[in-house]
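Written out below as structure tokens is the structure these notes cover.
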Amino acid sequence: MPFGSFVRQLGEGADSELLDRFIAGEDQSAFAALVGRYTPTVLGTCRRVLGHTQDAEDAAQAVFLLLARNAARVRRPSALGAWLHGVAVRVARKARRRRRRVQPLPGSSPPAAPPAPSWEDARRVIDEALAALPEPLRAPLVLCYLEGLTRDEAAARLGWPLATLRGRLERGREKLRARLARRGFALAVGLLPVLLETPVAAAPNWSAHTAAVATGTAPPTPAVAALATGGFPVFRPLVCFAALALAGAATAGWYLTAPPEPIAPPASKPVARALTPDPQAGLPEKSLEGAWQSTAAGDGAVRTETLRFVDGKHLVWQVHLRSPGVDTNATLRGRYELKNGTLTYQVTDRWAGEESVRVRPEDALRKYQLTWAKDRTEFELKNADTGAVRKFRALKDKETIAPVPDALKAIERKIQKEPKYAGEPRYLLLAFGPEAKFLVWAVSDGTTLYVDRNGNGDLTDDGEKVARPTRDHTSGTRRALTFTGIEVTEPGGTTHKIEVLTVLYLETGSVAADVLAQAKGRPLQRALGDLWWADAARTAQVLHFGGAEMVCRPWISGRSLLNAAAPAEFTVQVGTPGIGPGSFTAFSNDQVPKGTGPVAEIEFDPLVGGAKPITVTVNLTDRDHGDKFFARVTVPDGVKTGVEAAKVKLSFPNCPWGPVGASTHRVDVKPK
């Protein structure tokens, strides 16, 4: 769960509070909040078990109807998500049995042999294996890996000591691995919590209609009513961990036989549209062209505002607020007029991130006094209502480029020959070996993947067109194409393997990537997070597998931070850097001996001027999520907090994969 969602959930009320309100007075708004919160869990589980959208929606509605009828019998409201997953598995299995009773059409004949296990079979098996785990091992799994809580938060939610939670979490993963292995899934334990599936999106108004059905204000369909009737027990908390199927399919090499589902082309990013000039509005004044930026810091937060006069009538105002653990963006677009030094701004559109937000009438009209500096490289805006003053400086739009490892500096991102693509191509470049001499292009055009298996730069060679993905999953306007088990071979015969390669088309129009690969003789490495397919070869991210330049870094996706209020888990990854955002490839830590891990020297600046910095050294020997090392860190008293308030030097003296270069980073310290 993202930090903002977690804070929002606290503000909306805990599960136990919402359940109590519904039980005590049939508070329909409280129940609707629970439906909205757990729709991804319930609907996603039903879709995995049933493999059919309409059947899954009926089953999911029946699950919430059962919750409404049995709310008072939920024994552990703190693990409601796990309880709902368990009920969803049972209801979906009931729906599947009912569907099997339908007789085949006259004249049809059964297949001569059972079909090979498909991706959907794998997902169903994993849900059922999870349902069989004992309750004390299921609850921590769902809280940590489905609901996204930290171990501290999960332990507090369940009322357990942290050591108890961590022990049960580890035992739960081991038992799950063993159960899956007995059913044909040879999974590495360390990869289980890494390969999570993106939340399932519901159709518009589905949650609201489902809440109405469950609370009796709207009638259920006959199918929903049938699934919610009969001797259906209330089940113990269960956990949803469905995307482990990704690792299972990668290992088993299963492939789907069904054709891909059709999908509408994704819409362009709303914020990208906001920055598009209106051709009828003319050009802005010469002095206003480009971007203008203002930055302010205080109370541990940094606020960055960027203005762009996109044409002669429209202004886009972007705000980026960052504090420890929080990273939010807002964008406003509207009409402007600059006359006699007065800037009048009428806001017409507003977004929080990429989500559209209603513009309140009282916030729409804004007036500022604009005063230029003598050299016209900066100006001040004084709010006519509040008197607040912000200084904006000219910002040169430029790409921020991270340092490129020596082995990658000579790489020319250019493809020798390309096929005729069916859609818009997206590019990734994979480099294998210590010196990155073997380069493999991967290009997806939306339906087909091309992989330069022999590394010669010619994607038209035989065998380099991968027409059928292991899995093709569509949810609304989101589409995920997953390919597994692709071998690539150097001219000398050395073979490497791309275990998993995913193309994820998002509602915003962006295309995300997820790559799990292994250079020969090296551990698995994974690139995940801020990794995107590029729309041109020359701008493609370069991922390096089996590289010699190994480094430690703070875990970026989880926003690894320190907390002055209480000890917190500081997490790092070890891997090889690449070129471009998200190109860091982290090693799987499965084979690292226990008690071995990186070392972090954390330097805190004192509050008292002239005092010496305070240094804390910790050994990051705990492991989790397959590719992460962590340890609990206590922030000393009397030190500065806020964004990038601490300096961390990372090293790994006993790394089993070879020498790891020391690196220094700035990290956030959350204030008390």
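Following the order of the structure tokens, chains are lettered A, B, ..., residues in each are numbered from 1, and ligands are numbered from 1.
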Do you know which residues are at most 8 Å from A:Thr482 counting only C-alpha atoms, after dropping those on the same chain fewer than 2 positions away, and could you put them as a ChimeraX atom specification? /A:469-472,480,484,500-503
The selected residues should be written to file as a compact mmCIF listing (two decimals), in the first residue's frame (atoms: N, CA and C atoms).
```txt
# COMPACT_ATOMS: atom_id res chain seq x y z
N PRO A 469 2.66 -14.69 -25.75
CA PRO A 469 3.16 -14.49 -24.38
C PRO A 469 2.78 -15.65 -23.48
N THR A 470 3.50 -15.79 -22.40
CA THR A 470 3.12 -16.75 -21.37
C THR A 470 1.76 -16.39 -20.79
N ARG A 471 1.55 -15.08 -20.69
CA ARG A 471 0.28 -14.60 -20.14
C ARG A 471 -0.06 -13.27 -20.78
N ASP A 472 -1.34 -13.11 -21.13
CA ASP A 472 -1.86 -11.86 -21.69
C ASP A 472 -3.08 -11.51 -20.87
N ALA A 480 -1.20 -6.48 -19.41
CA ALA A 480 0.11 -7.01 -19.06
C ALA A 480 0.44 -8.20 -19.95
N THR A 484 8.23 -15.65 -20.61
CA THR A 484 9.12 -16.34 -19.69
C THR A 484 10.01 -17.34 -20.43
N VAL A 500 11.88 -13.81 -16.82
CA VAL A 500 10.60 -13.13 -16.94
C VAL A 500 10.82 -11.77 -17.58
N LEU A 501 9.97 -11.43 -18.54
CA LEU A 501 10.00 -10.11 -19.15
C LEU A 501 8.55 -9.67 -19.34
N THR A 502 8.20 -8.53 -18.74
CA THR A 502 6.81 -8.08 -18.74
C THR A 502 6.68 -6.73 -19.42
N VAL A 503 5.62 -6.60 -20.21
CA VAL A 503 5.23 -5.32 -20.82
C VAL A 503 3.89 -4.95 -20.21
```
I'd like the contact shell of A:Leu65 - 6 Å cut-off, only C-alpha atoms, skipping same-chain residues fewer than 3 positions apart - returned as a list in words.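 Near A:Leu65, the qualifying residues are Ala62, Ala68 and Ala214 of chain A.
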Take the selection from the previous step and output its residues with C-alpha atoms, as a PDB file, in the first residue's frame.
```pdb
ATOM      1  CA  ALA A  62     -21.564 -12.537  -3.263  1.00  0.00           C
ATOM      2  CA  ALA A  68     -22.687  -7.918   5.356  1.00  0.00           C
ATOM      3  CA  ALA A 214     -24.689  -6.126   0.070  1.00  0.00           C
TER       4      ALA A 214
END
```
Exercise: A:Arg69 partners within 12 Å, only C-alpha atoms, chain neighbours under 4 positions left out, as a ChimeraX atom specification: /A:19,22-23,26,31,62-65,73-74,213-216,228-229,232-234
I need the residues of stretch 484-582 of chain A that end up classed as strand (DSSP E) by DSSP on the backbone, written out as a ChimeraX atom specification. /A:484-489,495-505,511-518,525-527,542-545,550-554,562-563,568-576
Write out as a ChimeraX atom specification the residues lying within 9 Å of A:Glu569, counting only C-alpha atoms and excluding same-chain residues fewer than 2 positions away. /A:150-152,560-563,567,571,630-633
